$ cat structure.pdb   # PDB, C-alpha atoms
ATOM      1  CA  MET A   5      97.527 113.816  78.253  1.00  0.00           C
ATOM      2  CA  SER A   6      96.090 111.045  76.103  1.00  0.00           C
ATOM      3  CA  PRO A   7      95.446 107.529  77.403  1.00  0.00           C
ATOM      4  CA  ARG A   8      96.901 106.299  74.107  1.00  0.00           C
ATOM      5  CA  SER A   9     100.313 107.224  75.488  1.00  0.00           C
ATOM      6  CA  PHE A  10      99.710 105.553  78.866  1.00  0.00           C
ATOM      7  CA  ALA A  11     103.117 103.847  78.893  1.00  0.00           C
ATOM      8  CA  GLN A  12     104.845 107.245  78.606  1.00  0.00           C
ATOM      9  CA  THR A  13     102.498 109.385  80.722  1.00  0.00           C
ATOM     10  CA  GLY A  14     100.817 107.078  83.239  1.00  0.00           C
ATOM     11  CA  ARG A  15     101.890 107.457  86.849  1.00  0.00           C
ATOM     12  CA  LYS A  16     101.364 103.935  88.169  1.00  0.00           C
ATOM     13  CA  ILE A  17     100.750 100.298  87.359  1.00  0.00           C
ATOM     14  CA  VAL A  18      98.312  98.585  89.713  1.00  0.00           C
ATOM     15  CA  ALA A  19      98.486  94.788  89.441  1.00  0.00           C
ATOM     16  CA  ILE A  20      95.835  92.434  90.804  1.00  0.00           C
ATOM     17  CA  GLY A  21      97.098  89.227  92.378  1.00  0.00           C
ATOM     18  CA  ARG A  22      95.590  85.750  91.982  1.00  0.00           C
ATOM     19  CA  ASN A  23      92.473  86.839  90.094  1.00  0.00           C
ATOM     20  CA  PHE A  24      92.192  83.505  88.245  1.00  0.00           C
ATOM     21  CA  SER A  25      91.577  80.589  90.614  1.00  0.00           C
ATOM     22  CA  GLU A  26      93.488  78.022  88.540  1.00  0.00           C
ATOM     23  CA  HIS A  27      96.562  80.267  88.527  1.00  0.00           C
ATOM     24  CA  ALA A  28      96.391  80.676  92.299  1.00  0.00           C
ATOM     25  CA  LYS A  29      96.172  76.911  92.700  1.00  0.00           C
ATOM     26  CA  GLU A  30      99.060  76.131  90.330  1.00  0.00           C
ATOM     27  CA  LEU A  31     101.395  78.116  92.580  1.00  0.00           C
ATOM     28  CA  GLY A  32     100.002  76.570  95.756  1.00  0.00           C
ATOM     29  CA  ASN A  33      98.258  79.767  96.882  1.00  0.00           C
ATOM     30  CA  ALA A  34      94.836  80.132  98.455  1.00  0.00           C
ATOM     31  CA  VAL A  35      92.107  81.509  96.205  1.00  0.00           C
ATOM     32  CA  PRO A  36      91.394  85.046  97.496  1.00  0.00           C
ATOM     33  CA  THR A  37      88.033  86.044  98.918  1.00  0.00           C
ATOM     34  CA  ALA A  38      88.635  89.745  98.214  1.00  0.00           C
ATOM     35  CA  PRO A  39      90.799  91.544  95.641  1.00  0.00           C
ATOM     36  CA  PHE A  40      94.357  92.438  96.527  1.00  0.00           C
ATOM     37  CA  PHE A  41      96.914  94.377  94.544  1.00  0.00           C
ATOM     38  CA  PHE A  42     100.524  95.468  94.371  1.00  0.00           C
ATOM     39  CA  LEU A  43     102.263  98.290  92.500  1.00  0.00           C
ATOM     40  CA  LYS A  44     104.816  98.128  89.708  1.00  0.00           C
ATOM     41  CA  PRO A  45     107.004 101.043  88.578  1.00  0.00           C
ATOM     42  CA  THR A  46     106.312 102.618  85.192  1.00  0.00           C
ATOM     43  CA  SER A  47     110.049 102.246  84.517  1.00  0.00           C
ATOM     44  CA  SER A  48     109.288  98.530  84.014  1.00  0.00           C
ATOM     45  CA  TYR A  49     107.392  99.219  80.768  1.00  0.00           C
ATOM     46  CA  VAL A  50     108.866  97.969  77.520  1.00  0.00           C
ATOM     47  CA  ALA A  51     107.149  98.058  74.129  1.00  0.00           C
ATOM     48  CA  PRO A  52     107.890  95.857  71.133  1.00  0.00           C
ATOM     49  CA  PRO A  53     110.354  95.431  69.516  1.00  0.00           C
ATOM     50  CA  GLY A  54     112.201  95.953  72.785  1.00  0.00           C
ATOM     51  CA  ARG A  55     113.900  93.118  74.598  1.00  0.00           C
ATOM     52  CA  ILE A  56     113.047  91.444  77.900  1.00  0.00           C
ATOM     53  CA  GLU A  57     116.025  91.420  80.246  1.00  0.00           C
ATOM     54  CA  ILE A  58     116.545  88.394  82.488  1.00  0.00           C
ATOM     55  CA  PRO A  59     118.519  89.479  85.596  1.00  0.00           C
ATOM     56  CA  GLN A  60     121.328  87.278  86.821  1.00  0.00           C
ATOM     57  CA  GLY A  61     120.174  84.717  89.384  1.00  0.00           C
ATOM     58  CA  CYS A  62     116.474  85.271  88.682  1.00  0.00           C
ATOM     59  CA  ILE A  63     113.935  82.670  87.600  1.00  0.00           C
ATOM     60  CA  VAL A  64     111.632  84.873  85.516  1.00  0.00           C
ATOM     61  CA  HIS A  65     108.061  83.762  84.823  1.00  0.00           C
ATOM     62  CA  HIS A  66     105.637  85.156  82.250  1.00  0.00           C
ATOM     63  CA  GLU A  67     102.064  86.141  83.179  1.00  0.00           C
ATOM     64  CA  VAL A  68      99.885  87.338  80.277  1.00  0.00           C
ATOM     65  CA  GLU A  69      97.202  89.839  81.300  1.00  0.00           C
ATOM     66  CA  LEU A  70      94.493  92.211  80.143  1.00  0.00           C
ATOM     67  CA  GLY A  71      95.499  95.736  81.088  1.00  0.00           C
ATOM     68  CA  VAL A  72      92.808  98.348  81.768  1.00  0.00           C
ATOM     69  CA  VAL A  73      93.829 101.900  80.837  1.00  0.00           C
ATOM     70  CA  ILE A  74      92.239 104.548  83.030  1.00  0.00           C
ATOM     71  CA  GLY A  75      90.880 107.539  81.121  1.00  0.00           C
ATOM     72  CA  LYS A  76      89.224 109.591  83.864  1.00  0.00           C
ATOM     73  CA  ARG A  77      90.528 110.435  87.319  1.00  0.00           C
ATOM     74  CA  GLY A  78      88.502 109.042  90.184  1.00  0.00           C
ATOM     75  CA  ARG A  79      88.427 108.243  93.873  1.00  0.00           C
ATOM     76  CA  ASP A  80      85.890 106.010  95.658  1.00  0.00           C
ATOM     77  CA  ILE A  81      84.481 104.954  92.293  1.00  0.00           C
ATOM     78  CA  ARG A  82      81.374 102.792  92.543  1.00  0.00           C
ATOM     79  CA  ALA A  83      81.442  99.535  90.609  1.00  0.00           C
ATOM     80  CA  ALA A  84      78.330 100.664  88.745  1.00  0.00           C
ATOM     81  CA  ASP A  85      80.248 103.693  87.437  1.00  0.00           C
ATOM     82  CA  ALA A  86      83.594 101.996  86.823  1.00  0.00           C
ATOM     83  CA  PHE A  87      83.468 101.799  83.024  1.00  0.00           C
ATOM     84  CA  GLU A  88      83.023 105.590  82.855  1.00  0.00           C
ATOM     85  CA  HIS A  89      86.655 105.734  83.978  1.00  0.00           C
ATOM     86  CA  VAL A  90      87.998 103.213  81.441  1.00  0.00           C
ATOM     87  CA  ALA A  91      89.525 104.636  78.252  1.00  0.00           C
ATOM     88  CA  GLY A  92      90.593 101.314  76.818  1.00  0.00           C
ATOM     89  CA  TYR A  93      92.763  98.260  77.184  1.00  0.00           C
ATOM     90  CA  ALA A  94      96.190  96.851  76.389  1.00  0.00           C
ATOM     91  CA  LEU A  95      97.793  93.444  76.166  1.00  0.00           C
ATOM     92  CA  ALA A  96     100.435  93.182  78.875  1.00  0.00           C
ATOM     93  CA  LEU A  97     102.839  90.783  80.537  1.00  0.00           C
ATOM     94  CA  ASP A  98     103.486  90.897  84.264  1.00  0.00           C
ATOM     95  CA  LEU A  99     106.937  89.354  84.554  1.00  0.00           C
ATOM     96  CA  THR A 100     107.963  87.990  87.931  1.00  0.00           C
ATOM     97  CA  ALA A 101     111.286  86.931  89.389  1.00  0.00           C
ATOM     98  CA  ARG A 102     109.606  83.928  90.978  1.00  0.00           C
ATOM     99  CA  ASN A 103     112.492  82.913  93.237  1.00  0.00           C
ATOM    100  CA  LEU A 104     112.683  86.435  94.667  1.00  0.00           C
ATOM    101  CA  GLN A 105     108.911  86.501  95.140  1.00  0.00           C
ATOM    102  CA  GLU A 106     108.892  83.168  96.963  1.00  0.00           C
ATOM    103  CA  GLU A 107     111.643  84.346  99.285  1.00  0.00           C
ATOM    104  CA  ALA A 108     109.790  87.614  99.937  1.00  0.00           C
ATOM    105  CA  LYS A 109     106.586  85.712 100.730  1.00  0.00           C
ATOM    106  CA  LYS A 110     108.397  83.483 103.235  1.00  0.00           C
ATOM    107  CA  ARG A 111     109.842  86.529 104.991  1.00  0.00           C
ATOM    108  CA  GLY A 112     106.658  88.607 104.823  1.00  0.00           C
ATOM    109  CA  LEU A 113     108.329  91.221 102.621  1.00  0.00           C
ATOM    110  CA  PRO A 114     106.900  93.228  99.685  1.00  0.00           C
ATOM    111  CA  TRP A 115     107.120  91.928  96.124  1.00  0.00           C
ATOM    112  CA  SER A 116     108.573  95.145  94.698  1.00  0.00           C
ATOM    113  CA  ALA A 117     111.936  93.707  93.685  1.00  0.00           C
ATOM    114  CA  ALA A 118     110.411  90.539  92.209  1.00  0.00           C
ATOM    115  CA  LYS A 119     107.997  92.531  90.060  1.00  0.00           C
ATOM    116  CA  GLY A 120     109.796  95.797  89.403  1.00  0.00           C
ATOM    117  CA  PHE A 121     112.887  95.143  87.277  1.00  0.00           C
ATOM    118  CA  ASP A 122     113.302  97.173  84.095  1.00  0.00           C
ATOM    119  CA  THR A 123     111.444  95.487  81.179  1.00  0.00           C
ATOM    120  CA  PHE A 124     109.192  93.498  83.562  1.00  0.00           C
ATOM    121  CA  THR A 125     105.987  95.003  82.127  1.00  0.00           C
ATOM    122  CA  PRO A 126     105.973  94.432  78.362  1.00  0.00           C
ATOM    123  CA  VAL A 127     102.905  96.095  76.814  1.00  0.00           C
ATOM    124  CA  GLY A 128     101.158  96.365  73.491  1.00  0.00           C
ATOM    125  CA  PRO A 129      99.476  99.434  71.996  1.00  0.00           C
ATOM    126  CA  PHE A 130      96.350 101.073  73.378  1.00  0.00           C
ATOM    127  CA  ILE A 131      93.035  99.506  72.339  1.00  0.00           C
ATOM    128  CA  PRO A 132      90.025 101.882  72.596  1.00  0.00           C
ATOM    129  CA  ALA A 133      87.241 100.666  74.865  1.00  0.00           C
ATOM    130  CA  ASN A 134      84.727 100.544  72.001  1.00  0.00           C
ATOM    131  CA  LYS A 135      86.812  97.788  70.375  1.00  0.00           C
ATOM    132  CA  ILE A 136      86.129  95.535  73.372  1.00  0.00           C
ATOM    133  CA  PRO A 137      82.507  96.028  74.492  1.00  0.00           C
ATOM    134  CA  ASP A 138      82.771  93.078  76.884  1.00  0.00           C
ATOM    135  CA  PRO A 139      86.244  92.882  78.475  1.00  0.00           C
ATOM    136  CA  HIS A 140      85.214  89.702  80.297  1.00  0.00           C
ATOM    137  CA  ASN A 141      85.155  87.832  76.987  1.00  0.00           C
ATOM    138  CA  VAL A 142      88.759  88.359  75.893  1.00  0.00           C
ATOM    139  CA  ARG A 143      91.126  85.532  75.011  1.00  0.00           C
ATOM    140  CA  LEU A 144      94.731  85.899  76.163  1.00  0.00           C
ATOM    141  CA  TRP A 145      97.555  83.638  75.076  1.00  0.00           C
ATOM    142  CA  ILE A 146     101.319  83.445  75.135  1.00  0.00           C
ATOM    143  CA  GLU A 147     103.869  81.256  73.374  1.00  0.00           C
ATOM    144  CA  VAL A 148     107.463  80.846  74.510  1.00  0.00           C
ATOM    145  CA  ALA A 149     109.975  79.358  72.066  1.00  0.00           C
ATOM    146  CA  GLY A 150     107.102  78.233  69.850  1.00  0.00           C
ATOM    147  CA  GLN A 151     105.205  76.431  72.622  1.00  0.00           C
ATOM    148  CA  MET A 152     101.791  77.586  73.881  1.00  0.00           C
ATOM    149  CA  ARG A 153     102.059  78.239  77.607  1.00  0.00           C
ATOM    150  CA  GLN A 154      98.927  80.183  78.556  1.00  0.00           C
ATOM    151  CA  ASN A 155      95.598  80.303  76.742  1.00  0.00           C
ATOM    152  CA  GLY A 156      92.631  81.567  78.732  1.00  0.00           C
ATOM    153  CA  VAL A 157      89.567  83.785  78.681  1.00  0.00           C
ATOM    154  CA  THR A 158      88.863  86.678  81.015  1.00  0.00           C
ATOM    155  CA  ASP A 159      85.439  85.289  81.933  1.00  0.00           C
ATOM    156  CA  ALA A 160      87.399  83.210  84.466  1.00  0.00           C
ATOM    157  CA  MET A 161      88.289  86.282  86.550  1.00  0.00           C
ATOM    158  CA  ILE A 162      87.283  85.892  90.191  1.00  0.00           C
ATOM    159  CA  PHE A 163      86.705  89.635  90.545  1.00  0.00           C
ATOM    160  CA  GLN A 164      85.534  91.516  87.476  1.00  0.00           C
ATOM    161  CA  ILE A 165      86.847  94.874  86.344  1.00  0.00           C
ATOM    162  CA  PRO A 166      84.191  97.067  88.034  1.00  0.00           C
ATOM    163  CA  GLN A 167      84.920  95.411  91.390  1.00  0.00           C
ATOM    164  CA  LEU A 168      88.653  95.891  90.876  1.00  0.00           C
ATOM    165  CA  ILE A 169      88.293  99.587  90.069  1.00  0.00           C
ATOM    166  CA  GLU A 170      85.999 100.107  93.053  1.00  0.00           C
ATOM    167  CA  HIS A 171      88.433  98.332  95.367  1.00  0.00           C
ATOM    168  CA  ILE A 172      91.574 100.103  94.162  1.00  0.00           C
ATOM    169  CA  SER A 173      89.969 103.558  94.161  1.00  0.00           C
ATOM    170  CA  GLN A 174      88.880 103.144  97.777  1.00  0.00           C
ATOM    171  CA  VAL A 175      92.593 103.069  98.614  1.00  0.00           C
ATOM    172  CA  MET A 176      94.188 105.384  96.069  1.00  0.00           C
ATOM    173  CA  THR A 177      93.026 107.776  93.388  1.00  0.00           C
ATOM    174  CA  LEU A 178      93.131 106.333  89.887  1.00  0.00           C
ATOM    175  CA  GLU A 179      94.501 108.813  87.370  1.00  0.00           C
ATOM    176  CA  GLU A 180      94.399 109.151  83.625  1.00  0.00           C
ATOM    177  CA  GLY A 181      96.985 106.859  82.051  1.00  0.00           C
ATOM    178  CA  ASP A 182      97.209 104.468  84.989  1.00  0.00           C
ATOM    179  CA  LEU A 183      97.215 100.790  84.035  1.00  0.00           C
ATOM    180  CA  VAL A 184      95.364  98.114  85.983  1.00  0.00           C
ATOM    181  CA  LEU A 185      96.645  94.586  85.353  1.00  0.00           C
ATOM    182  CA  THR A 186      93.703  92.270  85.952  1.00  0.00           C
ATOM    183  CA  GLY A 187      95.337  88.887  86.626  1.00  0.00           C
ATOM    184  CA  THR A 188      96.607  85.935  84.629  1.00  0.00           C
ATOM    185  CA  PRO A 189      95.241  82.537  83.623  1.00  0.00           C
ATOM    186  CA  LYS A 190      96.991  79.296  84.514  1.00  0.00           C
ATOM    187  CA  GLY A 191     100.124  78.128  82.740  1.00  0.00           C
ATOM    188  CA  VAL A 192     102.795  80.537  83.977  1.00  0.00           C
ATOM    189  CA  GLY A 193     106.347  79.397  83.474  1.00  0.00           C
ATOM    190  CA  PRO A 194     109.959  80.426  82.960  1.00  0.00           C
ATOM    191  CA  ILE A 195     111.528  82.544  80.235  1.00  0.00           C
ATOM    192  CA  LEU A 196     115.183  81.961  79.375  1.00  0.00           C
ATOM    193  CA  PRO A 197     117.667  84.199  77.564  1.00  0.00           C
ATOM    194  CA  GLY A 198     117.515  83.624  73.819  1.00  0.00           C
ATOM    195  CA  GLU A 199     113.858  82.598  73.799  1.00  0.00           C
ATOM    196  CA  GLN A 200     111.238  84.327  71.670  1.00  0.00           C
ATOM    197  CA  ILE A 201     108.018  85.391  73.397  1.00  0.00           C
ATOM    198  CA  VAL A 202     104.814  86.003  71.434  1.00  0.00           C
ATOM    199  CA  ALA A 203     101.524  86.976  73.090  1.00  0.00           C
ATOM    200  CA  GLY A 204      98.104  87.816  71.721  1.00  0.00           C
ATOM    201  CA  LEU A 205      94.733  89.302  72.657  1.00  0.00           C
ATOM    202  CA  GLU A 206      91.610  88.220  70.786  1.00  0.00           C
ATOM    203  CA  TYR A 207      88.015  89.402  70.966  1.00  0.00           C
ATOM    204  CA  GLN A 208      85.175  87.524  69.278  1.00  0.00           C
ATOM    205  CA  GLY A 209      87.622  85.683  67.070  1.00  0.00           C
ATOM    206  CA  SER A 210      89.546  88.773  65.941  1.00  0.00           C
ATOM    207  CA  GLU A 211      93.125  89.387  67.007  1.00  0.00           C
ATOM    208  CA  LEU A 212      93.343  92.936  68.367  1.00  0.00           C
ATOM    209  CA  SER A 213      96.912  92.850  69.630  1.00  0.00           C
ATOM    210  CA  ARG A 214     100.045  90.766  69.201  1.00  0.00           C
ATOM    211  CA  ILE A 215     103.387  91.512  70.826  1.00  0.00           C
ATOM    212  CA  GLU A 216     106.751  89.845  70.275  1.00  0.00           C
ATOM    213  CA  PHE A 217     109.906  90.080  72.342  1.00  0.00           C
ATOM    214  CA  THR A 218     113.278  88.370  72.593  1.00  0.00           C
ATOM    215  CA  ALA A 219     114.623  87.562  76.049  1.00  0.00           C
ATOM    216  CA  ILE A 220     118.251  88.418  76.739  1.00  0.00           C
ATOM    217  CA  ALA A 221     120.523  88.145  79.761  1.00  0.00           C
ATOM    218  CA  ARG A 222     120.745  91.442  81.641  1.00  0.00           C
ATOM    219  CA  ASP A 223     124.298  92.789  81.667  1.00  0.00           C
TER
END
$ encode --input "structure.pdb" --output "structure tokens"
Amino acid sequence: MSPRSFAQTGRKIVAIGRNFSEHAKELGNAVPTAPFFFLKPTSSYVAPPGRIEIPQGCIVHHEVELGVVIGKRGRDIRAADAFEHVAGYALALDLTARNLQEEAKKRGLPWSAAKGFDTFTPVGPFIPANKIPDPHNVRLWIEVAGQMRQNGVTDAMIFQIPQLIEHISQVMTLEEGDLVLTGTPKGVGPILPGEQIVAGLEYQGSELSRIEFTAIARD
């Protein structure tokens, strides 16, 4: 198994919630004092030039994120050892049916339906770890229908990657090919059928990944 094929071989997607304070605030949520996460199914992956499906009755928001690709199995990983378990990175979108999520939050229910539709985790190709020596200095951006929506740097993370890996692995074993979504900067917003979505990942002024998708109505 190669981490390069994480979207085909990985067993889980672990997504961190509210890891950028300005994003938490824009949705009226409290800024967390400890990491928390939810799971997404690997069936939600879609790679370019695939299409993003907008389910009927859903208000779908984009969230651009840095994905961490796990390259070495581990449990109870110490933060100091976390990068030994990182094979590389990927540009990713965590799409959310926001109206379903808000209803689930009100009722104290899981977010699985709001986060887990097919095509709700668009991803770019694998980026080896040596291409990004400092993953807390990555610029992430997304344009929808030609308008910049999100444009932020990962130095604004509340909890950095070693803390996230330590926290997750205290609960569940991280396995080769797993993807950790590390949170999104402010500026989330809706995607409508027919719109073109373009996202990018830059490191030290160089663009390492760009992904493009068209949104369509789900049949």
$ resolve_selection --input "structure.pdb" --expression "the PyMOL selection byres ((chain A and resi 170) around 9)" --output "CSV table (one decimal) with C-alpha atoms, in the frame of the given file"
chain,number,residue,atom,x,y,z
A,79,ARG,CA,88.4,108.2,93.9
A,80,ASP,CA,85.9,106.0,95.7
A,81,ILE,CA,84.5,105.0,92.3
A,82,ARG,CA,81.4,102.8,92.5
A,83,ALA,CA,81.4,99.5,90.6
A,84,ALA,CA,78.3,100.7,88.7
A,85,ASP,CA,80.2,103.7,87.4
A,86,ALA,CA,83.6,102.0,86.8
A,165,ILE,CA,86.8,94.9,86.3
A,166,PRO,CA,84.2,97.1,88.0
A,167,GLN,CA,84.9,95.4,91.4
A,168,LEU,CA,88.7,95.9,90.9
A,169,ILE,CA,88.3,99.6,90.1
A,171,HIS,CA,88.4,98.3,95.4
A,172,ILE,CA,91.6,100.1,94.2
A,173,SER,CA,90.0,103.6,94.2
A,174,GLN,CA,88.9,103.1,97.8
$ resolve_selection --input "structure.pdb" --expression "the PyMOL selection byres ((chain A and resi 178) around 8)" --output "list of chain:residue names"
A:Ile74, A:Lys76, A:Arg77, A:Gly78, A:Arg79, A:Ile172, A:Ser173, A:Met176, A:Thr177, A:Glu179, A:Glu180, A:Asp182
$ closest_residue --input "structure.pdb" --among "A:Lys119, A:Lys16, A:Arg111, A:Arg55" --to "Val202 (chain A)" --atoms "all atoms listed in the file"
A:Arg55
$ resolve_selection --input "structure.pdb" --expression "the PyMOL selection byres ((chain A and resi 211) around 12)" --output "ChimeraX atom specification"
/A:95,131,135-136,142-145,203-210,212-215
$ atom_distance --input "structure.pdb" --atom1 "CA of Ile58 (chain A)" --atom2 "CA of Asn23 (chain A)"
25.3 Å
$ residues_around --input "structure.pdb" --residues "Arg15 (chain A)" --least-positions-apart "3" --cutoff "9 Å" --atoms "all atoms listed in the file" --output "list in words"
Phe10, Ala11, Gln12, Pro45, Thr46, Glu179, Glu180, Gly181, Asp182 and Leu183 of chain A
$ build_atoms --input "structure.pdb" --residues "region 50-74 of chain A" --atoms "N, CA and C atoms" --output "JSON list (two decimals), in the coordinates of the input"
[["chain", "number", "residue", "atom", "x", "y", "z"],
["A", 50, "VAL", "N", 108.10, 98.11, 78.75],
["A", 50, "VAL", "CA", 108.87, 97.97, 77.52],
["A", 50, "VAL", "C", 107.87, 97.63, 76.41],
["A", 51, "ALA", "N", 108.03, 98.29, 75.27],
["A", 51, "ALA", "CA", 107.15, 98.06, 74.13],
["A", 51, "ALA", "C", 107.91, 97.32, 73.04],
["A", 52, "PRO", "N", 107.21, 96.53, 72.25],
["A", 52, "PRO", "CA", 107.89, 95.86, 71.13],
["A", 52, "PRO", "C", 108.40, 96.90, 70.14],
["A", 53, "PRO", "N", 109.55, 96.66, 69.51],
["A", 53, "PRO", "CA", 110.35, 95.43, 69.52],
["A", 53, "PRO", "C", 111.46, 95.43, 70.56],
["A", 54, "GLY", "N", 111.19, 95.97, 71.73],
["A", 54, "GLY", "CA", 112.20, 95.95, 72.78],
["A", 54, "GLY", "C", 112.52, 94.55, 73.23],
["A", 55, "ARG", "N", 113.46, 94.43, 74.12],
["A", 55, "ARG", "CA", 113.90, 93.12, 74.60],
["A", 55, "ARG", "C", 113.61, 92.97, 76.09],
["A", 56, "ILE", "N", 113.26, 91.76, 76.49],
["A", 56, "ILE", "CA", 113.05, 91.44, 77.90],
["A", 56, "ILE", "C", 114.38, 91.04, 78.51],
["A", 57, "GLU", "N", 114.76, 91.70, 79.59],
["A", 57, "GLU", "CA", 116.02, 91.42, 80.25],
["A", 57, "GLU", "C", 115.82, 90.45, 81.41],
["A", 58, "ILE", "N", 116.59, 89.38, 81.42],
["A", 58, "ILE", "CA", 116.54, 88.39, 82.49],
["A", 58, "ILE", "C", 117.70, 88.67, 83.45],
["A", 59, "PRO", "N", 117.43, 89.17, 84.67],
["A", 59, "PRO", "CA", 118.52, 89.48, 85.60],
["A", 59, "PRO", "C", 119.25, 88.22, 86.06],
["A", 60, "GLN", "N", 120.51, 88.39, 86.34],
["A", 60, "GLN", "CA", 121.33, 87.28, 86.82],
["A", 60, "GLN", "C", 120.73, 86.70, 88.11],
["A", 61, "GLY", "N", 120.65, 85.38, 88.18],
["A", 61, "GLY", "CA", 120.17, 84.72, 89.38],
["A", 61, "GLY", "C", 118.67, 84.71, 89.56],
["A", 62, "CYS", "N", 117.93, 85.20, 88.57],
["A", 62, "CYS", "CA", 116.47, 85.27, 88.68],
["A", 62, "CYS", "C", 115.80, 84.22, 87.80],
["A", 63, "ILE", "N", 114.81, 83.56, 88.37],
["A", 63, "ILE", "CA", 113.94, 82.67, 87.60],
["A", 63, "ILE", "C", 112.71, 83.50, 87.22],
["A", 64, "VAL", "N", 112.65, 83.91, 85.97],
["A", 64, "VAL", "CA", 111.63, 84.87, 85.52],
["A", 64, "VAL", "C", 110.47, 84.14, 84.85],
["A", 65, "HIS", "N", 109.28, 84.36, 85.37],
["A", 65, "HIS", "CA", 108.06, 83.76, 84.82],
["A", 65, "HIS", "C", 107.24, 84.80, 84.06],
["A", 66, "HIS", "N", 106.58, 84.33, 83.01],
["A", 66, "HIS", "CA", 105.64, 85.16, 82.25],
["A", 66, "HIS", "C", 104.25, 85.04, 82.86],
["A", 67, "GLU", "N", 103.47, 86.13, 82.81],
["A", 67, "GLU", "CA", 102.06, 86.14, 83.18],
["A", 67, "GLU", "C", 101.36, 87.08, 82.19],
["A", 68, "VAL", "N", 100.56, 86.52, 81.28],
["A", 68, "VAL", "CA", 99.88, 87.34, 80.28],
["A", 68, "VAL", "C", 98.60, 87.90, 80.89],
["A", 69, "GLU", "N", 98.32, 89.18, 80.63],
["A", 69, "GLU", "CA", 97.20, 89.84, 81.30],
["A", 69, "GLU", "C", 96.50, 90.85, 80.39],
["A", 70, "LEU", "N", 95.24, 91.10, 80.73],
["A", 70, "LEU", "CA", 94.49, 92.21, 80.14],
["A", 70, "LEU", "C", 94.74, 93.44, 81.00],
["A", 71, "GLY", "N", 95.30, 94.48, 80.39],
["A", 71, "GLY", "CA", 95.50, 95.74, 81.09],
["A", 71, "GLY", "C", 94.34, 96.68, 80.82],
["A", 72, "VAL", "N", 93.88, 97.35, 81.87],
["A", 72, "VAL", "CA", 92.81, 98.35, 81.77],
["A", 72, "VAL", "C", 93.45, 99.73, 81.88],
["A", 73, "VAL", "N", 93.25, 100.56, 80.86],
["A", 73, "VAL", "CA", 93.83, 101.90, 80.84],
["A", 73, "VAL", "C", 92.79, 102.89, 81.36],
["A", 74, "ILE", "N", 93.15, 103.58, 82.42],
["A", 74, "ILE", "CA", 92.24, 104.55, 83.03],
["A", 74, "ILE", "C", 92.23, 105.83, 82.20]]
